[in-house]
$ cat query-v4.txt   # compact mmCIF, C-alpha atoms
# COMPACT_ATOMS: atom_id res chain seq x y z
CA ALA A 1 67.15 14.53 -85.32
CA VAL A 2 66.61 12.89 -81.95
CA THR A 3 65.27 9.48 -81.09
CA SER A 4 62.85 8.93 -78.18
CA GLU A 5 64.33 6.69 -75.48
CA LYS A 6 60.83 5.56 -74.70
CA SER A 7 59.26 4.79 -78.06
CA GLY A 8 62.19 4.96 -80.50
CA ARG A 9 60.37 7.49 -82.59
CA VAL A 10 62.35 10.21 -84.36
CA ALA A 11 61.73 13.98 -84.28
CA HIS A 12 63.55 17.30 -84.44
CA LYS A 13 65.48 18.09 -81.33
CA SER A 14 63.22 21.10 -80.73
CA GLU A 15 60.36 18.65 -80.39
CA SER A 16 62.01 16.79 -77.56
CA GLN A 17 62.90 17.28 -73.91
CA ARG A 18 64.40 15.33 -71.08
CA CYS A 19 62.20 13.75 -68.33
CA THR A 20 63.13 15.45 -65.07
CA VAL A 21 62.42 12.27 -63.16
CA THR A 22 64.08 9.56 -65.27
CA GLN A 23 66.34 11.88 -67.33
CA ARG A 24 65.36 9.98 -70.44
CA LEU A 25 65.04 11.87 -73.74
CA LEU A 26 61.41 11.93 -74.81
CA LEU A 27 59.44 13.53 -77.58
CA SER A 28 57.26 16.50 -76.64
CA ASP A 29 54.05 14.43 -77.03
CA GLU A 30 55.45 11.86 -74.59
CA VAL A 31 55.79 14.27 -71.69
CA SER A 32 53.32 16.14 -69.43
CA ARG A 33 53.61 19.05 -67.03
CA SER A 34 52.52 18.74 -63.33
CA ASP A 35 49.75 21.16 -62.33
CA ILE A 36 51.14 21.05 -58.82
CA SER A 37 54.88 21.55 -59.21
CA GLY A 38 55.26 22.45 -62.90
CA THR A 39 57.62 19.49 -63.30
CA THR A 40 57.86 18.01 -66.81
CA ALA A 41 58.13 14.25 -66.96
CA ASP A 42 57.17 11.09 -68.75
CA THR A 43 53.39 11.00 -69.23
CA ASP A 44 53.33 7.49 -67.73
CA LEU A 45 54.44 8.97 -64.40
CA PHE A 46 51.32 11.14 -64.09
CA THR A 47 47.94 10.52 -62.46
CA LYS A 48 44.85 12.71 -62.22
CA CYS A 49 43.77 13.97 -58.79
CA SER A 50 40.59 12.06 -57.89
CA VAL A 51 39.05 15.22 -56.51
CA THR A 52 40.01 18.08 -58.87
CA GLU A 53 41.23 15.95 -61.80
CA ILE A 54 44.36 18.10 -62.14
CA LEU A 55 47.35 16.27 -63.57
CA ALA A 56 50.25 15.59 -61.27
CA LEU A 57 53.08 13.19 -60.79
CA THR A 58 51.86 10.12 -58.96
CA ALA A 59 54.52 10.78 -56.36
CA GLU A 60 53.02 14.23 -55.72
CA LEU A 61 49.63 12.78 -54.82
CA GLU A 62 48.61 11.24 -51.50
CA LYS A 63 46.64 8.07 -50.99
CA SER A 64 43.50 7.93 -48.83
CA ASP A 65 43.72 5.60 -45.80
CA PHE A 66 40.19 4.51 -46.61
CA SER A 67 40.59 3.77 -50.39
CA ASP A 68 43.11 3.62 -53.25
CA ALA A 69 42.11 7.08 -54.43
CA LEU A 70 44.96 9.58 -54.95
CA ALA A 71 44.55 13.30 -54.46
CA ALA A 72 46.60 16.45 -54.22
CA PRO A 73 47.88 17.24 -50.71
CA ALA A 74 45.64 20.32 -50.63
CA GLU A 75 42.64 18.03 -50.97
CA MET A 76 43.59 15.74 -48.12
CA ARG A 77 42.08 15.94 -44.62
CA LEU A 78 42.74 14.29 -41.26
CA SER A 79 39.78 12.48 -39.62
CA ALA A 80 38.81 13.93 -36.24
CA VAL A 81 37.48 10.50 -35.40
CA SER A 82 40.26 8.06 -36.31
CA GLY A 83 43.17 10.32 -37.20
CA LYS A 84 43.36 8.70 -40.65
CA ARG A 85 43.78 10.69 -43.89
CA PHE A 86 41.18 10.97 -46.64
CA ASN A 87 40.44 13.28 -49.56
CA THR A 88 37.73 15.89 -49.52
CA ARG A 89 35.50 13.90 -51.86
CA GLU A 90 35.42 11.09 -49.28
CA GLY A 91 34.76 13.33 -46.29
CA PHE A 92 32.01 15.24 -44.53
CA VAL A 93 31.81 18.12 -42.10
CA SER A 94 29.97 17.84 -38.75
CA GLU A 95 26.99 20.17 -38.65
CA VAL A 96 27.59 20.65 -34.96
CA SER A 97 31.32 21.13 -34.47
CA GLY A 98 32.60 21.74 -38.00
CA GLU A 99 35.08 18.89 -37.53
CA THR A 100 35.72 16.56 -40.49
CA GLY A 101 35.67 12.84 -40.87
CA HIS A 102 35.48 10.11 -43.49
CA LEU A 103 32.03 9.29 -44.84
CA SER A 104 32.32 5.79 -43.35
CA GLU A 105 32.65 7.44 -39.95
CA ARG A 106 29.64 9.67 -40.39
CA ALA A 107 26.74 9.40 -37.94
CA PHE A 108 23.31 11.04 -37.82
CA CYS A 109 21.38 12.44 -34.90
CA GLN A 110 18.16 10.40 -34.87
CA VAL A 111 16.25 13.38 -33.53
CA THR A 112 17.38 16.26 -35.78
CA GLY A 113 18.82 14.28 -38.70
CA LYS A 114 22.08 16.28 -38.57
CA GLN A 115 25.28 14.59 -39.75
CA VAL A 116 27.87 14.56 -37.00
CA LEU A 117 30.88 12.70 -35.72
CA PRO A 118 30.03 9.52 -33.78
CA ASN A 119 31.67 10.90 -30.63
CA GLU A 120 29.33 13.89 -30.76
CA LEU A 121 26.33 11.66 -30.08
CA VAL A 122 25.04 9.98 -26.93
CA GLN A 123 22.77 6.97 -26.67
CA CYS A 124 19.27 7.29 -25.25
CA ALA A 125 19.03 5.02 -22.21
CA VAL A 126 15.35 4.33 -22.94
CA THR A 127 15.04 3.88 -26.72
CA GLY A 128 18.67 3.26 -27.68
CA LYS A 129 18.53 6.11 -30.20
CA SER A 130 21.69 8.11 -30.92
CA ALA A 131 21.18 11.82 -30.43
CA LEU A 132 23.01 15.06 -29.77
CA PRO A 133 23.50 15.91 -26.08
CA SER A 134 21.54 19.11 -26.71
CA GLU A 135 18.53 16.98 -27.64
CA CYS A 136 18.73 14.95 -24.44
CA CYS A 137 18.01 15.36 -20.75
CA VAL A 138 19.76 13.84 -17.76
CA SER A 139 17.69 12.06 -15.10
CA GLY A 140 17.88 13.79 -11.74
CA LEU A 141 17.23 10.40 -10.19
CA SER A 142 19.70 8.04 -11.88
CA GLY A 143 21.96 10.32 -13.92
CA ARG A 144 20.98 8.40 -17.09
CA ARG A 145 20.51 10.33 -20.34
CA ALA A 146 17.62 10.10 -22.79
CA VAL A 147 16.08 12.06 -25.66
CA LYS A 148 13.77 14.85 -24.54
CA GLU A 149 10.62 13.06 -25.64
CA GLU A 150 11.45 10.33 -23.13
CA CYS A 151 11.95 12.77 -20.25
CA PHE A 152 9.27 13.98 -17.85
CA ARG A 153 9.08 16.22 -14.83
CA CYS A 154 7.86 14.78 -11.53
CA ASP A 155 4.81 16.86 -10.56
CA PHE A 156 5.64 16.50 -6.88
CA THR A 157 9.40 17.20 -6.76
CA GLU A 158 9.93 19.10 -10.07
CA ILE A 159 12.84 16.74 -10.86
CA THR A 160 13.30 15.54 -14.46
CA VAL A 161 13.40 11.75 -14.83
CA LEU A 162 13.23 9.27 -17.70
CA SER A 163 10.05 7.65 -18.96
CA ASP A 164 11.01 4.31 -17.38
CA GLU A 165 11.51 6.08 -14.04
CA ILE A 166 8.07 7.70 -13.94
CA GLU A 167 4.65 6.48 -12.81
CA VAL A 168 1.25 8.14 -13.00
CA SER A 169 -0.81 8.55 -9.85
CA ASP A 170 -4.11 6.64 -9.95
CA ILE A 171 -5.56 9.35 -7.70
CA SER A 172 -4.51 12.66 -9.23
CA GLY A 173 -3.15 11.63 -12.62
CA LYS A 174 0.09 13.44 -11.76
CA ARG A 175 3.50 12.08 -12.73
CA ILE A 176 5.61 10.60 -9.93
CA ARG A 177 9.30 9.69 -9.84
CA CYS A 178 9.49 5.95 -9.31
CA ASP A 179 11.41 6.08 -6.01
CA GLN A 180 8.51 7.97 -4.38
CA VAL A 181 5.70 5.72 -5.64
CA VAL A 182 3.68 3.72 -3.13
CA MET A 183 1.29 0.91 -3.93
CA SER A 184 -1.97 0.46 -2.09
CA ASP A 185 -2.03 -2.76 -0.04
CA LEU A 186 -5.77 -2.78 -0.61
CA SER A 187 -6.13 -2.26 -4.38
CA GLY A 188 -2.62 -2.36 -5.81
CA ARG A 189 -3.13 1.12 -7.27
CA ALA A 190 -0.25 3.60 -7.41
CA GLY A 191 0.12 7.03 -5.87
CA HIS A 192 2.72 9.43 -4.51
CA ARG A 193 3.75 8.85 -0.92
CA SER A 194 2.09 12.17 -0.02
CA GLU A 195 -1.17 10.71 -1.37
CA SER A 196 -1.10 7.76 1.00
CA VAL A 197 -1.55 7.02 4.70
CA SER A 198 -1.13 4.05 6.99
CA CYS A 199 -4.31 2.34 8.22
CA ALA A 200 -4.59 2.84 11.99
CA VAL A 201 -6.05 -0.66 12.33
CA SER A 202 -4.04 -2.90 9.98
CA SER A 203 -1.00 -0.67 9.24
CA GLN A 204 -1.71 -1.26 5.54
CA ILE A 205 -0.70 1.47 3.08
CA LEU A 206 -3.83 3.05 1.61
CA LEU A 207 -4.34 5.77 -0.99
CA LEU A 208 -6.24 8.85 0.15
CA ASP A 209 -9.35 7.95 -1.88
CA GLU A 210 -9.46 4.54 -0.15
CA VAL A 211 -9.37 5.98 3.36
CA PHE A 212 -12.19 6.71 5.78
CA TYR A 213 -11.69 8.44 9.10
CA SER A 214 -12.86 7.57 12.57
CA GLU A 215 -15.58 9.98 13.66
CA ILE A 216 -14.18 9.67 17.15
CA SER A 217 -10.42 10.21 16.74
CA ASP A 218 -10.18 11.25 13.06
CA LYS A 219 -7.62 8.47 12.52
CA PRO A 220 -7.46 6.96 8.98
CA ALA A 221 -8.45 3.38 8.28
CA ASN A 222 -9.74 0.96 5.69
CA LYS A 223 -13.52 1.47 5.56
CA GLN A 224 -14.05 -2.28 5.92
CA LEU A 225 -12.22 -2.22 9.25
CA LEU A 226 -14.26 0.60 10.78
CA VAL A 227 -17.12 -0.34 13.08
CA LYS A 228 -20.31 1.64 13.68
CA CYS A 229 -21.39 2.38 17.22
CA ALA A 230 -24.71 0.57 17.67
CA VAL A 231 -26.11 3.58 19.53
CA THR A 232 -24.76 6.68 17.74
CA GLN A 233 -24.06 5.05 14.34
CA LYS A 234 -20.70 6.84 14.29
CA SER A 235 -17.83 5.04 12.54
CA ALA A 236 -14.90 4.27 14.80
CA LEU A 237 -11.81 2.11 15.10
CA PRO A 238 -12.47 -1.25 16.80
CA ILE A 239 -10.23 -0.25 19.71
CA GLU A 240 -12.37 2.85 20.28
CA LEU A 241 -15.47 0.74 20.99
CA GLN A 242 -16.38 -1.74 23.70
CA CYS A 243 -18.63 -4.75 23.61
CA CYS A 244 -21.96 -5.08 25.40
CA GLU A 245 -21.67 -8.34 27.35
CA PHE A 246 -25.34 -9.08 26.86
CA THR A 247 -25.91 -8.33 23.16
CA GLY A 248 -22.42 -8.37 21.68
CA GLN A 249 -23.05 -4.89 20.23
CA MET A 250 -20.02 -2.62 19.78
CA VAL A 251 -20.60 0.83 21.26
CA LEU A 252 -18.69 3.83 22.53
CA PRO A 253 -17.50 3.45 26.14
CA GLU A 254 -19.72 6.33 27.28
CA LYS A 255 -22.73 4.43 25.94
CA LEU A 256 -22.13 1.52 28.31
CA PHE A 257 -23.03 1.12 31.97
CA VAL A 258 -22.21 -1.59 34.50
CA SER A 259 -25.08 -3.74 35.73
CA ASP A 260 -25.65 -3.36 39.49
CA ASP A 261 -26.68 -6.99 39.51
CA SER A 262 -24.08 -8.90 37.46
CA GLY A 263 -21.27 -6.35 37.10
CA LYS A 264 -21.37 -6.86 33.32
CA LYS A 265 -21.12 -4.03 30.79
CA CYS A 266 -24.40 -3.22 29.10
CA VAL A 267 -25.45 -0.91 26.27
CA CYS A 268 -27.39 2.05 27.63
CA THR A 269 -30.33 1.58 25.26
CA GLU A 270 -31.17 -1.73 26.96
CA GLN A 271 -31.04 -0.47 30.52
CA SER A 272 -33.81 -1.06 33.04
CA VAL A 273 -34.16 0.35 36.57
CA SER A 274 -35.65 -1.59 39.46
CA GLU A 275 -38.90 -0.05 40.74
CA ALA A 276 -38.11 -1.45 44.12
CA SER A 277 -34.46 -0.53 44.70
CA GLY A 278 -33.49 1.87 41.90
CA ARG A 279 -30.66 -0.47 40.90
CA LYS A 280 -29.77 -0.71 37.18
CA GLY A 281 -29.24 -3.66 34.91
CA HIS A 282 -29.85 -5.15 31.46
CA HIS A 283 -33.50 -5.76 30.75
CA SER A 284 -32.79 -9.51 30.49
CA GLU A 285 -31.91 -9.42 34.20
CA PHE A 286 -35.37 -8.11 35.09
CA GLY A 287 -38.74 -9.62 35.82
CA ASN A 288 -42.06 -8.58 37.37
CA CYS A 289 -43.19 -9.19 40.92
CA GLU A 290 -46.33 -11.33 40.52
CA LEU A 291 -47.87 -9.74 43.53
CA THR A 292 -47.18 -6.01 43.07
CA TRP A 293 -46.32 -6.21 39.35
CA LYS A 294 -43.34 -3.97 39.91
CA HIS A 295 -40.51 -4.27 37.36
CA VAL A 296 -37.46 -5.38 39.35
CA LEU A 297 -34.22 -7.32 39.09
CA GLN A 298 -34.55 -11.09 39.04
CA SER A 299 -32.18 -11.19 42.01
CA GLU A 300 -34.72 -9.15 43.97
CA LEU A 301 -37.39 -11.82 43.55
CA LEU A 302 -38.07 -15.02 45.45
CA GLN A 303 -40.30 -17.89 44.47
CA CYS A 304 -43.16 -18.45 46.87
CA SER A 305 -43.02 -22.04 48.15
CA VAL A 306 -46.79 -22.06 48.43
CA SER A 307 -48.06 -20.50 45.20
CA GLY A 308 -44.97 -20.78 43.04
CA LYS A 309 -45.18 -17.10 42.19
CA ARG A 310 -42.06 -14.92 42.01
CA VAL A 311 -42.40 -11.95 44.29
CA LEU A 312 -40.27 -9.29 45.98
CA PHE A 313 -38.25 -10.09 49.07
CA SER A 314 -40.26 -7.51 50.96
CA GLU A 315 -43.47 -9.35 50.20
CA CYS A 316 -42.24 -12.66 51.62
CA ARG A 317 -41.78 -14.37 54.96
CA ASN A 318 -39.49 -17.33 55.61
CA SER A 319 -40.62 -20.47 57.40
CA VAL A 320 -38.79 -20.99 60.72
CA VAL A 321 -39.02 -24.68 60.02
CA SER A 322 -37.56 -24.97 56.49
CA ALA A 323 -36.47 -21.36 55.83
CA ARG A 324 -38.43 -21.58 52.58
CA PRO A 325 -40.02 -18.28 51.45
CA MET A 326 -43.68 -17.60 50.94
CA ILE A 327 -45.95 -14.66 50.30
CA ALA A 328 -46.68 -13.05 53.66
CA SER A 329 -50.44 -13.44 53.22
CA LEU A 330 -50.02 -17.17 52.70
CA ALA A 331 -47.89 -17.65 55.82
CA ARG A 332 -49.31 -19.46 58.87
CA THR A 333 -48.37 -19.33 62.54
CA CYS A 334 -47.87 -22.03 65.05
CA GLU A 335 -50.83 -21.59 67.52
CA ILE A 336 -48.61 -22.65 70.36
CA THR A 337 -45.26 -20.84 69.68
CA GLN A 338 -46.49 -18.20 67.22
CA ALA A 339 -43.66 -19.10 64.84
CA VAL A 340 -44.22 -18.40 61.08
CA ILE A 341 -44.50 -21.58 59.07
CA LEU A 342 -45.77 -22.92 55.76
CA PRO A 343 -49.34 -24.22 55.70
CA SER A 344 -47.93 -27.67 54.89
CA GLU A 345 -45.72 -27.55 57.98
CA ARG A 346 -48.67 -27.45 60.49
CA ILE A 347 -50.10 -30.37 62.47
CA ARG A 348 -53.17 -30.40 64.65
CA SER A 349 -52.63 -31.44 68.27
CA SER A 350 -54.61 -34.49 69.43
CA VAL A 351 -54.64 -32.94 72.89
CA SER A 352 -55.60 -29.29 72.49
CA GLY A 353 -56.77 -29.28 68.88
CA LEU A 354 -54.35 -26.41 68.19
CA MET A 355 -52.33 -26.19 64.94
CA PHE A 356 -48.57 -26.24 65.59
CA ARG A 357 -45.29 -26.50 63.71
CA SER A 358 -44.48 -30.03 62.56
CA ASP A 359 -40.84 -30.03 63.70
CA GLU A 360 -42.01 -29.83 67.34
CA ALA A 361 -44.46 -32.74 67.16
CA VAL A 362 -44.19 -35.77 69.43
CA THR A 363 -46.01 -39.10 69.30
CA SER A 364 -47.40 -40.91 72.33
CA GLU A 365 -45.65 -44.20 72.91
CA LYS A 366 -48.86 -45.52 74.36
CA SER A 367 -51.57 -44.43 71.94
CA GLY A 368 -49.64 -43.21 68.91
CA ARG A 369 -51.49 -39.88 69.04
CA VAL A 370 -49.62 -36.70 68.01
CA ALA A 371 -49.34 -33.45 69.97
CA HIS A 372 -46.98 -30.53 70.52
CA LYS A 373 -43.95 -31.37 72.61
CA SER A 374 -45.13 -28.90 75.25
CA GLU A 375 -48.23 -31.13 75.64
CA SER A 376 -46.24 -34.28 76.48
CA GLN A 377 -44.16 -35.65 79.31
CA ARG A 378 -42.31 -38.85 80.19
CA CYS A 379 -43.76 -41.48 82.61
CA THR A 380 -41.51 -41.55 85.64
CA VAL A 381 -42.09 -45.30 86.12
CA THR A 382 -41.93 -46.65 82.58
CA GLN A 383 -40.08 -43.72 81.01
CA ARG A 384 -42.45 -43.88 78.08
CA LEU A 385 -43.34 -40.64 76.32
$ encode --input "query-v4.txt" --output "structure tokens"
Amino acid sequence: AVTSEKSGRVAHKSESQRCTVTQRLLLSDEVSRSDISGTTADTDLFTKCSVTEILALTAELEKSDFSDALAAPAEMRLSAVSGKRFNTREGFVSEVSGETGHLSERAFCQVTGKQVLPNELVQCAVTGKSALPSECCVSGLSGRRAVKEECFRCDFTEITVLSDEIEVSDISGKRIRCDQVVMSDLSGRAGHRSESVSCAVSSQILLLDEVFYSEISDKPANKQLLVKCAVTQKSALPIELQCCEFTGQMVLPEKLFVSDDSGKKCVCTEQSVSEASGRKGHHSEFGNCELTWKHVLQSELLQCSVSGKRVLFSECRNSVVSARPMIASLARTCEITQAVILPSERIRSSVSGLMFRSDEAVTSEKSGRVAHKSESQRCTVTQRL
């Protein structure tokens, strides 16, 4: 008979054996055999593997760094993320690299749904989503990375950029990388720089569908800044036209002429030509001779001091007395000197009865009678005229 050193129970010696760990004598129902090493020991020294449930000495099992679970060494793994140990029941395998990690370290690609290690993912710079590099694109503009659905190709440069780096042309509807976008100073609309021009008048940036071209120089400009030639109706830049100094109309330089009378620039459609001299001028500078009715420049007319009519120089004579003009047919002559004078500048001589110019009249100091100076003389005694 033998007595158990653990429980004090008694049995035949063939029903007992010694614990290889504690060396205590135990009954056969108080010992177990390790499925790992084959060691026989006190049943209280054994624990089941949390993965395979095989029985093993507690000392033969390893503890997970993530929990209190014990498992056989063959069931333990090293995390590719943290370097910590865990058992296979607590782990996962990356569907991308085949590397293992603890379930608490597991991450998912938000595009494909694959389970992967956290360091196998990148963050989308636009949405913040975590995704596999293979599901992302890199911006050729900024070098930032984003999921493919947030990446677009610039239709002008063929460079891939992110959705927050792209604009759409308001002209063509094409996608444009943001560093090559221009905004119209006129409308605020967007377009690629190749779809814009600078206004030749204001230097504003305009989109191509906002531009009109000078019919003279073909230069681009804001339509509102173009001016139509009053003669040809062609649209032109303001600097390509000149102003008529009579009407204020803007016309092409070749549609202007210089008045022979005033030297001012005049639009050709309002030109008149003197019928007397052939000289040109604006029609406002013209009038009609009231004797011949010829259309002539105002500067070619004189006002008759007798009739008040405006007539051509050639139709007038000037009084030798006052130099005032008069129509030749209305002129009178001094009957003594034959000088041309106005009718109102004649006086009749009290001596000869002849009509003579008034500036040569003398008055008798004796009788007060008037005569031409050639009809008078001074008394040598009294010196009276």
$ residues_around --input "query-v4.txt" --residues "segment 203-220 of chain A" --least-positions-apart "6" --cutoff "8 Å" --atoms "all atoms listed in the file" --output "list in words"
Ile171, Val182, Met183, Ser184, Asp185, Leu186, Arg189, Ala190, Gly191, Glu195, Ser196, Val197, Leu226, Lys234, Ser235, Ala236, Leu237 and Glu240 of chain A
$ residues_near_point --input "query-v4.txt" --point "(63.3, 4.1, -70.0)" --cutoff "10 Å" --atoms "only C-alpha atoms" --output "list of chain:residue names"
A:Ser4, A:Glu5, A:Lys6, A:Ser7, A:Cys19, A:Thr22, A:Gln23, A:Arg24, A:Leu25, A:Leu26, A:Asp42
$ atom_distance --input "query-v4.txt" --atom1 "atom CA of Val351 of chain A" --atom2 "atom CA of Ser322 of chain A"
25.0 Å
$ residues_around --input "query-v4.txt" --residues "Leu291 of chain A" --least-positions-apart "3" --cutoff "10 Å" --atoms "only C-alpha atoms" --output "number ranges by chain"
A: 288, 294, 309-312, 315, 327
$ atom_distance --input "query-v4.txt" --atom1 "atom CA of Gly173 of chain A" --atom2 "atom CA of Arg193 of chain A"
13.9 Å
$ closest_residue --input "query-v4.txt" --among "A:Val31, A:Leu57, A:Ala69, A:Val51" --to "Arg89 of chain A" --atoms "all atoms listed in the file"
A:Val51
$ closest_residue --input "query-v4.txt" --among "A:Thr157, A:Cys229, A:Cys136, A:Ser28" --to "Ser194 of chain A" --atoms "only C-alpha atoms"
A:Thr157
$ residues_around --input "query-v4.txt" --residues "Asp65 of chain A" --least-positions-apart "3" --cutoff "12 Å" --atoms "all atoms listed in the file" --output "list in words"
Glu62, Asp68, Ala69, Leu70, Ala71, Met76, Arg77, Leu78, Ser79, Ser82, Gly83, Lys84, Arg85, Phe86, Asn87, Glu90, Gly91, Gly101, His102 and Ser104 of chain A
$ atom_distance --input "query-v4.txt" --atom1 "atom CA of Ala323 of chain A" --atom2 "atom CA of Leu302 of chain A"
12.3 Å
$ residues_near_point --input "query-v4.txt" --point "(61.6, 22.4, -70.1)" --cutoff "9 Å" --atoms "only C-alpha atoms" --output "list in words"
Gln17, Arg18, Cys19, Thr20, Thr39 and Thr40 of chain A
$ residues_around --input "query-v4.txt" --residues "segment 139-153 of chain A" --least-positions-apart "3" --cutoff "6 Å" --atoms "all atoms listed in the file" --output "list in words"
Cys124, Ala125, Glu135, Cys136, Glu158, Ile159, Thr160, Val161, Leu162 and Ser163 of chain A
